[in-house]
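Notes for the one structure printed next.
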Amino acid sequence: MNTISSFVTRATSALSVCFLALLIGGATIVHAQEIGQVGGYFMTVVPRGEFSENVTNNGYGAGGQFLIRLGPSPFLAGGDFGAIVYGSESRREPISGTNLQVRVSTSNNIFLGHFVLRAQPRTGPVRPYIDGLIGLKHLFTITSISDPDGGETITSDTDLSDTTLSYGFGGGLQIPLTKGREARVVLDTNVRYLRGARAAYLKKGSIREENGLPVFDVLFSRTDVIAVQIGVTFRF
């Protein structure tokens, strides 16, 4: 299985298990004062500004967050992390001097890590919120070699990576999925605008071959994106 397929499969399986656990837990927990939130989500990111001039397609991925309420205030603080694939390609290549072939797969990825400060009402089943975020974007491209029929990865290598500052704001809405005055399991949807400082990165088609050697067409720009997320959050 190539890198992108493996990533999507593992992320989907992990989030499905988390969502099921949250639903079960929310159905049995007794009413208590909320002290925090934990959840997982799927997301798509839309390149903006200079980044959209180089990367014209959306990226897709998954992530999670953990927030703690700051005393009796309407604020929560914590961390938010996500992983996105914004381009991939795969091809078969022969092993020199043999009739054997391998599959060469390349994926372009972004890891997002942010500190989050959230303003949200303390009570009510349906709760809107506003987020402020600051952290980093880590952009990296990985090429892997595997069995041509989608078997285990033989070897892999990072072609290029760069880390840059990321910051922004967003808003969302939590809608209850369980009954009760203070629903514990909620559908969580939000939209965020994440500014990104300049970084070096590759995109689909940036790696080509000349005279039998790989050539990298490295891109360099700001890394602004809009992130649209939907998932399940557990208020505890």
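Chain labels A, B, ... are given in the sequence in which chains occur in the structure tokens; within each chain residues are numbered consecutively from 1, and ligands are likewise numbered from 1 in the order shown.
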
DSSP strand (DSSP E) residues within segment 45-116 of chain A, as a PyMOL selection string: chain A and resi 45-47+59-69+75-94+101-116

Need the shell around Phe216 of chain A: protein/DNA/RNA residues with any atom at most 7 Å away, counting only C-alpha atoms. Skip same-chain ones fewer than 2 positions apart. Format as number ranges by chain? A: 206-208, 214, 218

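Nearest residue to Val228 of chain A, choosing from A:Ala62, A:Ser105, A:Ala119, A:Gly79 and counting only C-alpha atoms: A:Ala62.
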
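With atom CA of Ile134 of chain A on one side and atom CA of Arg222 of chain A on the other, the separation reads 15.6 Å.
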
Leu160 of chain A: which residues within 10 Å, counting only C-alpha atoms, same-chain residues fewer than 6 positions away excluded, as a PyMOL selection string? chain A and resi 108+139-143+200-202+216+218

Would you kindly return, as a ChimeraX atom specification, each protein, DNA or RNA residue with an atom no farther than 10 Å from any atom of Gln120 of chain A, considering only C-alpha atoms and excluding same-chain residues fewer than 6 positions away? /A:69,73-76,127-131,171-173

Using only C-alpha atoms, can you tell me which of A:Gly87, A:Ser166, A:Ile35, A:Thr44 comes closest to Gly205 of chain A?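 Nearest to Gly205 of chain A: A:Gly87.
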
What does the distance between atom CA of Gly78 of chain A and atom CA of Leu194 of chain A come to in Å, to one decimal place?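 Interatomic distance, atom CA of Gly78 of chain A to atom CA of Leu194 of chain A: 16.9 Å.
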
Show which residues sit within 6 Å of segment 47-50 of chain A, as a list in words. Count only C-alpha atoms, and ignore same-chain residues fewer than 4 positions away. Ser221, Arg222, Asp224 and Val225 of chain A

If you keep C-alpha atoms, can you produce a file of those selected residues as a PDB file, in the first residue's frame?
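Listing of selection-v4.pdb after writing:
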ATOM      1  CA  SER A 221       5.677  31.486  -1.234  1.00  0.00           C
ATOM      2  CA  ARG A 222       3.390  32.329   1.647  1.00  0.00           C
ATOM      3  CA  ASP A 224      -2.195  30.815   3.506  1.00  0.00           C
ATOM      4  CA  VAL A 225      -5.160  28.412   3.572  1.00  0.00           C
TER       5      VAL A 225
END

Using only C-alpha atoms, which protein or nucleic acid residues come within 12 Å of Gly71 of chain A? Drop anything in the same chain fewer than 6 positions from it, and give the result as number ranges by chain. A: 33-36, 77, 122

Name the residues in contact with Leu165 of chain A at a cut-off of 8 Å, using only C-alpha atoms, excluding same-chain residues fewer than 5 positions from it; report them as number ranges by chain. A: 134-137, 196-197

Could you write those residues out with C-alpha atoms, as a PDB file, in the first residue's frame?
ATOM      1  CA  ILE A 134      -0.933  30.437  16.538  1.00  0.00           C
ATOM      2  CA  GLY A 135       1.525  27.664  15.742  1.00  0.00           C
ATOM      3  CA  LEU A 136       3.283  26.149  12.743  1.00  0.00           C
ATOM      4  CA  LYS A 137       2.884  24.530   9.362  1.00  0.00           C
ATOM      5  CA  GLY A 196       1.274  31.102   6.812  1.00  0.00           C
ATOM      6  CA  ALA A 197       4.719  32.655   6.475  1.00  0.00           C
TER       7      ALA A 197
END

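Minimum atom-to-atom distance to Gly59 of chain A, evaluated using only C-alpha atoms, belongs to A:Ser88 out of A:Thr123, A:Asn211, A:Ser88, A:Thr164.
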
Find the residue from A:Pro121, A:Ile230, A:Val186, A:Glu209 that sits nearest to Pro72 of chain A; use only C-alpha atoms when measuring. A:Pro121

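Distances here use only C-alpha atoms; by that measure, the residue among A:Thr106, A:Thr153, A:Ser146, A:Gln65 closest to Phe234 of chain A is A:Gln65.
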
So which one's closest to Gln101 of chain A, A:Ile226, A:Met43, A:Leu219, A:Ile145? Using only C-alpha atoms, please. A:Ile145
